[in-house]
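Reading through the structure tokens given below for one structure.
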There are 2 protein chains.
Amino acid sequence: MPSDTLYDAAADLRALGGGRVWSLVVSLFGDLAQGEGDKIDGPVLSAIMAALEVRPEAARVALHRLRNDGWIASEKSGRISQHSLTALGRAESAAASPRIYARPNEGPENWQLVILPKTDPKRQQILNDAGMIQLMPRVFVGPADAPLPRDTFALAASTAPDWVSKQVAPAALEDDYARLRTALEALSDALTDLPSLDPLDTAVLRCLVVHNWRRLVLKYAQPPRALIDPQSDYYKCHVLVSNLLTAYPRPALSDIALNKAI
Amino acid sequence: MPSDTLYDAAADLRALGGGRVWSLVVSLFGDLAQGEGDKIDGPVLSAIMAALEVRPEAARVALHRLRNDGWIASEKSGRISQHSLTALGRAESAAASPRIYARPNEGPENWQLVILPKTDPKRQQILNDAGMIQLMPRVFVGPADAPLPRDTFALAASTAPDWVSKQVAPAALEDDYARLRTALEALSDALTDLPSLDPLDTAVLRCLVVHNWRRLVLKYAQPPRALIDPQSDYYKCHVLVSNLLTAYPRPALSDIALNKAI
């Protein structure tokens with residue numbers, strides 16, 4: 001069992017994540033065992049799930065679902081089960097990782113504004129797929145290197161007035177980011193008073209941080225850096241997440257097993 | 001009386017200008033007598049008006065109207081009247097001249113696209129006054145140095161796809177430019193077979209060219225050079241006008257008077 005102190009410190013964050021255990025498991029494997037050949041022993045997984053306040057039966061149901069979806073594979077090794085991401089699970093985790101683990105000051109600074117010749121769902125889809133965000137009908141902003149449909153009017157952009165930043169920010173997630181910020185700030189404060197965490201506690205902590213961050217940032221395309229308000233809850237969350245993941249680096253799976261298994 | 005050959009060559013152009021004699025007189029004074037102290041003697045004016053197929057009575061009415069508008073002043077000098085632009089007439093002529101006499105390859109190459117934070121008649125008026133052209137709701141293109149209302153999202157622009165050029169071209173004047181192009185081409189062809197023109201003929205020729213050009217180009221803001229289709233009737237007209245005004249430079253008022261007066 002992880003230390004009671006971390007358990008208390010992470011209470012807010014644990015409460016935010018919502019009830020979908022399979023999604024929490026996806027976050028855990030994506031953070032802890034994304035490498036080919038990485039396996040999590042059953043007892044380690046049970047200990048982490050318990051620390052995350054997931055009942056054993058709910059964990060079993062989630063694993064069963066993820067196996068059916070072809071995301072996780074489980075095999076016996078002697079008396080214990082070992083669980084790992086499938087090739088599909090690894091590929092999807094790898095695809096999401098740049099967004100999840102990007103530092104607040106990372107990513108291309110260059111961006112562009114593009115205008116479509118007319119309202120056109122096909123061209124819009126191409127732009128959405130390229131990570132462009134709609135600013136108004138026919139007008140999109142996004143990465144400077146996004147592949148564009150034909151006849152697009154593209155302009156390199158640098159700065160923009162505040163209303164542009166506000167308009168491309170994910171308004172529907174404002175409250176979620178505000179709550180996440182509060183929880184992350186409380187957690188960060190509490191951690192300063194704790195002794196250093198052991199590998200299992202670290203895995204639990206990272207899983208909670210990554211999970212709560214991932215379920216928000218993966219819902220929409222990231223606006224260009226120049227359009228992100230450094231006072232926004234989104235940006236404050238990003239800094240907090242980045243600092244926590246840096247302060248508590250990913251533990252080696254073998255270390256968790258050695259310290260805590262069974 | 002001007003030569004019959006020019007009279008024939010300019011027939012198409014003369015027919016285009018429409019029936020507003022006062023507007024023709026504005027074109028004439030603006031081209032020939034825009035300098036402070038420039039005066040056109042009554043007999044010279046009569047000869048030019050006759051060559052433009054304006055009846056003496058219609059010319060008198062037009063002069064009367066322009067005097068009432070404070071545009072033109074007339075005074076007696078011995079037996080003849082002398083007519084000149086007022087300070088107002090000179091100022092308005094000077095304001096229009098850059099647009100009328102611009103060479104096809106002149107003017108700033110730099111342009112910009114600006115987006116308003118919302119539909120807003122006041123901000124739109126500021127942009128219109130600055131020579132910006134509306135591309136779509138809230139979106140304008142125009143000179144890079146246009147003064148902008150606050151909260152405008154401005155982007156430097158260079159090239160643009162064809163649909164942008166088409167959209168900012170003055171669609172309502174397409175037919176007018178096509179007819180003007182035909183008339184100017186016919187005139188230019190005919191002039192190559194004529195002997196050199198005397199000062200009065202030159203004044204008449206220039207007045208016809210400037211008048212027909214002026215009444216179209218002053219109706220709208222000029223699109224950025226990068227957005228002008230070099231195959232368009234507008235651009236072909238611009239080249240023809242520029243070539244004619246260069247080939248037939250403005251005659252000195254004293255030369256017209258010496259050769260033709262009375």
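Each chain of the structure tokens is named A, B, ... in the order shown, its residues numbered from 1; ligands are numbered from 1 in display order.
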**Message:** Please find the residues of chain B near chain A - the criterion being any atom within 10 Å, counting only C-alpha atoms - and write them as a list in words.
**Reply:** Gln112, Leu113, Ile115, Leu116, Pro117, Lys118, Met136, Pro137, Arg138, Val139, Arg150, Asp151, Thr152, Phe153, Ala154, Leu155, Ala156, Ala157, Ser158, Thr159, Ala160, Pro161, Asp162, Trp163, Val164 and Gln167 of chain B
Can you spit out the residues from that selection as a tab-separated table (two decimals), in the first residue's frame, using N, CA, C and O atoms?
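Saved as out_24.tsv:
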chain	number	residue	atom	x	y	z
B	112	GLN	N	-2.00	43.35	-46.46
B	112	GLN	CA	-2.33	42.61	-45.24
B	112	GLN	C	-3.77	42.15	-45.29
B	112	GLN	O	-4.60	42.66	-46.05
B	113	LEU	N	-4.02	41.16	-44.48
B	113	LEU	CA	-5.39	40.70	-44.26
B	113	LEU	C	-5.73	41.01	-42.81
B	113	LEU	O	-4.90	40.79	-41.92
B	115	ILE	N	-8.79	40.82	-39.63
B	115	ILE	CA	-10.03	40.22	-39.17
B	115	ILE	C	-10.55	41.02	-37.98
B	115	ILE	O	-9.80	41.29	-37.03
B	116	LEU	N	-11.80	41.41	-38.04
B	116	LEU	CA	-12.41	42.14	-36.93
B	116	LEU	C	-12.90	41.14	-35.88
B	116	LEU	O	-13.31	40.04	-36.21
B	117	PRO	N	-12.89	41.57	-34.60
B	117	PRO	CA	-13.35	40.66	-33.55
B	117	PRO	C	-14.83	40.32	-33.68
B	117	PRO	O	-15.28	39.28	-33.21
B	118	LYS	N	-15.59	41.20	-34.33
B	118	LYS	CA	-17.02	40.94	-34.54
B	118	LYS	C	-17.50	41.86	-35.66
B	118	LYS	O	-16.78	42.78	-36.06
B	136	MET	N	-14.87	38.82	-46.93
B	136	MET	CA	-15.99	38.06	-46.41
B	136	MET	C	-16.36	38.71	-45.09
B	136	MET	O	-15.67	39.63	-44.65
B	137	PRO	N	-17.46	38.29	-44.44
B	137	PRO	CA	-17.82	38.96	-43.20
B	137	PRO	C	-16.64	39.02	-42.22
B	137	PRO	O	-16.00	38.00	-41.97
B	138	ARG	N	-16.34	40.21	-41.71
B	138	ARG	CA	-15.28	40.45	-40.71
B	138	ARG	C	-13.86	40.39	-41.27
B	138	ARG	O	-12.91	40.64	-40.54
B	139	VAL	N	-13.70	40.01	-42.55
B	139	VAL	CA	-12.35	39.82	-43.12
B	139	VAL	C	-12.10	40.81	-44.26
B	139	VAL	O	-12.91	40.91	-45.18
B	150	ARG	N	-8.91	49.25	-33.14
B	150	ARG	CA	-8.32	48.41	-32.09
B	150	ARG	C	-8.88	46.98	-32.14
B	150	ARG	O	-9.95	46.75	-32.67
B	151	ASP	N	-8.11	46.07	-31.59
B	151	ASP	CA	-8.49	44.65	-31.51
B	151	ASP	C	-8.58	43.97	-32.87
B	151	ASP	O	-9.20	42.91	-32.99
B	152	THR	N	-7.98	44.59	-33.88
B	152	THR	CA	-7.97	43.94	-35.19
B	152	THR	C	-6.88	42.88	-35.21
B	152	THR	O	-5.80	43.08	-34.69
B	153	PHE	N	-7.19	41.75	-35.81
B	153	PHE	CA	-6.21	40.69	-36.01
B	153	PHE	C	-5.63	40.88	-37.41
B	153	PHE	O	-6.31	40.66	-38.41
B	154	ALA	N	-4.39	41.34	-37.49
B	154	ALA	CA	-3.78	41.71	-38.77
B	154	ALA	C	-2.67	40.73	-39.14
B	154	ALA	O	-1.86	40.37	-38.29
B	155	LEU	N	-2.65	40.31	-40.40
B	155	LEU	CA	-1.63	39.38	-40.88
B	155	LEU	C	-1.03	39.89	-42.18
B	155	LEU	O	-1.77	40.23	-43.11
B	156	ALA	N	0.29	39.95	-42.23
B	156	ALA	CA	0.96	40.33	-43.47
B	156	ALA	C	0.70	39.26	-44.52
B	156	ALA	O	0.70	38.07	-44.22
B	157	ALA	N	0.43	39.70	-45.75
B	157	ALA	CA	0.09	38.75	-46.81
B	157	ALA	C	1.02	38.95	-48.00
B	157	ALA	O	1.57	40.03	-48.20
B	158	SER	N	1.23	37.90	-48.77
B	158	SER	CA	2.01	38.05	-49.99
B	158	SER	C	1.22	37.50	-51.18
B	158	SER	O	0.61	38.26	-51.91
B	159	THR	N	1.20	36.20	-51.33
B	159	THR	CA	0.41	35.64	-52.44
B	159	THR	C	-0.95	35.17	-51.93
B	159	THR	O	-1.17	35.05	-50.73
B	160	ALA	N	-1.83	34.88	-52.89
B	160	ALA	CA	-3.14	34.37	-52.53
B	160	ALA	C	-3.67	33.57	-53.72
B	160	ALA	O	-3.29	33.85	-54.87
B	161	PRO	N	-4.52	32.59	-53.46
B	161	PRO	CA	-5.09	31.84	-54.59
B	161	PRO	C	-6.03	32.72	-55.43
B	161	PRO	O	-6.46	33.78	-54.97
B	162	ASP	N	-6.34	32.24	-56.62
B	162	ASP	CA	-7.12	33.03	-57.58
B	162	ASP	C	-8.47	33.48	-57.03
B	162	ASP	O	-8.93	34.59	-57.33
B	163	TRP	N	-9.11	32.65	-56.22
B	163	TRP	CA	-10.46	33.03	-55.76
B	163	TRP	C	-10.43	34.30	-54.93
B	163	TRP	O	-11.40	35.06	-54.92
B	164	VAL	N	-9.31	34.56	-54.26
B	164	VAL	CA	-9.21	35.80	-53.49
B	164	VAL	C	-9.16	37.00	-54.44
B	164	VAL	O	-9.88	37.99	-54.26
B	167	GLN	N	-12.49	37.63	-55.88
B	167	GLN	CA	-13.47	38.14	-54.93
B	167	GLN	C	-13.28	39.62	-54.61
B	167	GLN	O	-14.25	40.30	-54.28
**Prompt:** Which polymer residues have any atom within 8 Å of an atom of B:Met49, counting only C-alpha atoms, with same-chain residues fewer than 6 positions away left out, as a ChimeraX atom specification?
**Reply:** /B:55-56,59
**Asked** Just asking: which residues within stretch 94-238 of chain A are strand (DSSP E) according to DSSP, as a list in words?
**Response** Trp111, Gln112, Leu113, Val114, Ile115, Ile133, Gln134, Leu135, Met136, Val139, Phe140, Val141, Gly142, Pro143, Phe153, Ala154, Leu155, Ala156 and Ala157 of chain A
Could you save those same residues with N, CA and C atoms as a PDB file, in the first residue's frame?
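What landed in result-v7.pdb:
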ATOM      1  N   TRP A 111       2.953  29.468 -36.680  1.00  0.00           N
ATOM      2  CA  TRP A 111       1.590  29.029 -36.940  1.00  0.00           C
ATOM      3  C   TRP A 111       1.052  29.795 -38.141  1.00  0.00           C
ATOM      4  N   GLN A 112      -0.144  29.473 -38.536  1.00  0.00           N
ATOM      5  CA  GLN A 112      -0.715  30.107 -39.719  1.00  0.00           C
ATOM      6  C   GLN A 112      -2.225  30.230 -39.572  1.00  0.00           C
ATOM      7  N   LEU A 113      -2.741  31.143 -40.368  1.00  0.00           N
ATOM      8  CA  LEU A 113      -4.191  31.286 -40.498  1.00  0.00           C
ATOM      9  C   LEU A 113      -4.534  30.894 -41.926  1.00  0.00           C
ATOM     10  N   VAL A 114      -5.571  30.095 -42.090  1.00  0.00           N
ATOM     11  CA  VAL A 114      -5.967  29.722 -43.445  1.00  0.00           C
ATOM     12  C   VAL A 114      -7.458  30.001 -43.647  1.00  0.00           C
ATOM     13  N   ILE A 115      -7.776  30.369 -44.878  1.00  0.00           N
ATOM     14  CA  ILE A 115      -9.165  30.660 -45.240  1.00  0.00           C
ATOM     15  C   ILE A 115      -9.560  29.749 -46.393  1.00  0.00           C
ATOM     16  N   ILE A 133      -7.637  24.703 -35.916  1.00  0.00           N
ATOM     17  CA  ILE A 133      -8.806  25.038 -35.098  1.00  0.00           C
ATOM     18  C   ILE A 133      -9.625  26.110 -35.811  1.00  0.00           C
ATOM     19  N   GLN A 134     -10.936  25.904 -35.848  1.00  0.00           N
ATOM     20  CA  GLN A 134     -11.794  26.877 -36.538  1.00  0.00           C
ATOM     21  C   GLN A 134     -11.950  28.137 -35.691  1.00  0.00           C
ATOM     22  N   LEU A 135     -11.668  29.287 -36.311  1.00  0.00           N
ATOM     23  CA  LEU A 135     -11.791  30.580 -35.631  1.00  0.00           C
ATOM     24  C   LEU A 135     -13.150  31.196 -35.924  1.00  0.00           C
ATOM     25  N   MET A 136     -13.624  31.025 -37.164  1.00  0.00           N
ATOM     26  CA  MET A 136     -14.929  31.509 -37.584  1.00  0.00           C
ATOM     27  C   MET A 136     -15.238  30.772 -38.878  1.00  0.00           C
ATOM     28  N   VAL A 139     -12.533  30.080 -41.612  1.00  0.00           N
ATOM     29  CA  VAL A 139     -11.227  30.573 -41.142  1.00  0.00           C
ATOM     30  C   VAL A 139     -10.682  29.677 -40.020  1.00  0.00           C
ATOM     31  N   PHE A 140      -9.429  29.232 -40.180  1.00  0.00           N
ATOM     32  CA  PHE A 140      -8.821  28.296 -39.240  1.00  0.00           C
ATOM     33  C   PHE A 140      -7.428  28.784 -38.837  1.00  0.00           C
ATOM     34  N   VAL A 141      -7.003  28.414 -37.633  1.00  0.00           N
ATOM     35  CA  VAL A 141      -5.622  28.668 -37.222  1.00  0.00           C
ATOM     36  C   VAL A 141      -5.011  27.351 -36.785  1.00  0.00           C
ATOM     37  N   GLY A 142      -3.675  27.245 -36.936  1.00  0.00           N
ATOM     38  CA  GLY A 142      -3.018  26.019 -36.525  1.00  0.00           C
ATOM     39  C   GLY A 142      -1.573  25.967 -36.953  1.00  0.00           C
ATOM     40  N   PRO A 143      -0.994  24.753 -36.857  1.00  0.00           N
ATOM     41  CA  PRO A 143       0.448  24.592 -37.115  1.00  0.00           C
ATOM     42  C   PRO A 143       0.841  25.075 -38.512  1.00  0.00           C
ATOM     43  N   PHE A 153      -6.279  29.784 -48.794  1.00  0.00           N
ATOM     44  CA  PHE A 153      -5.561  31.056 -48.653  1.00  0.00           C
ATOM     45  C   PHE A 153      -4.851  30.999 -47.304  1.00  0.00           C
ATOM     46  N   ALA A 154      -3.529  30.831 -47.336  1.00  0.00           N
ATOM     47  CA  ALA A 154      -2.767  30.615 -46.103  1.00  0.00           C
ATOM     48  C   ALA A 154      -1.888  31.820 -45.806  1.00  0.00           C
ATOM     49  N   LEU A 155      -1.871  32.250 -44.542  1.00  0.00           N
ATOM     50  CA  LEU A 155      -1.045  33.382 -44.129  1.00  0.00           C
ATOM     51  C   LEU A 155      -0.264  33.016 -42.878  1.00  0.00           C
ATOM     52  N   ALA A 156       1.030  33.270 -42.926  1.00  0.00           N
ATOM     53  CA  ALA A 156       1.857  33.055 -41.739  1.00  0.00           C
ATOM     54  C   ALA A 156       1.430  34.048 -40.664  1.00  0.00           C
ATOM     55  N   ALA A 157       1.356  33.583 -39.414  1.00  0.00           N
ATOM     56  CA  ALA A 157       0.891  34.449 -38.327  1.00  0.00           C
ATOM     57  C   ALA A 157       1.922  34.468 -37.215  1.00  0.00           C
TER      58      ALA A 157
END
**Prompt:** Of the candidates B:Ser77, B:Arg90, B:Leu173, B:Val61, which one gets nearest to B:Trp213 if we count only C-alpha atoms?
**Reply:** B:Leu173
**Request:** Using only C-alpha atoms, determine which residues lie at most 7 Å from stretch 23-38 of chain B, disregarding the query and same-chain residues fewer than 3 positions distant; provide the list as a list in words.
**Result:**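 Residues near the query, excluding close chain neighbours: Arg20, Ser84, Leu85, Arg90, Ser93, Cys207, Val210, His211 and Arg250 of chain B.
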**Request:** Determine which residues of stretch 25-214 of chain B DSSP labels as helix (DSSP H, G or I) from the backbone of this structure, then write them out as an MDAnalysis selection string.
**Result:** chainID B and resid 25:32 42:51 56:68 87:101 121:129 162:168 171:192 199:214
**Prompt:** Between B:Leu205, B:Leu148, B:Leu194, B:Ile40, which is the closest to B:Arg14 once you count only C-alpha atoms?
**Reply:**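 Closest to B:Arg14, using only C-alpha atoms: B:Leu205.
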**Item:** Nearest to A:Leu187 by atom-to-atom distance, counting only C-alpha atoms, from A:Ala73, A:Cys237, A:Ala102, A:Ile256
**Value:**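 Among the listed residues, the smallest separation from A:Leu187 belongs to A:Cys237.
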**Asked** With only C-alpha atoms as the basis for distance, which of B:Val204, B:Leu66, B:Ala178, B:Ile228 is at the shortest distance from B:Gly89?
**Response** B:Leu66
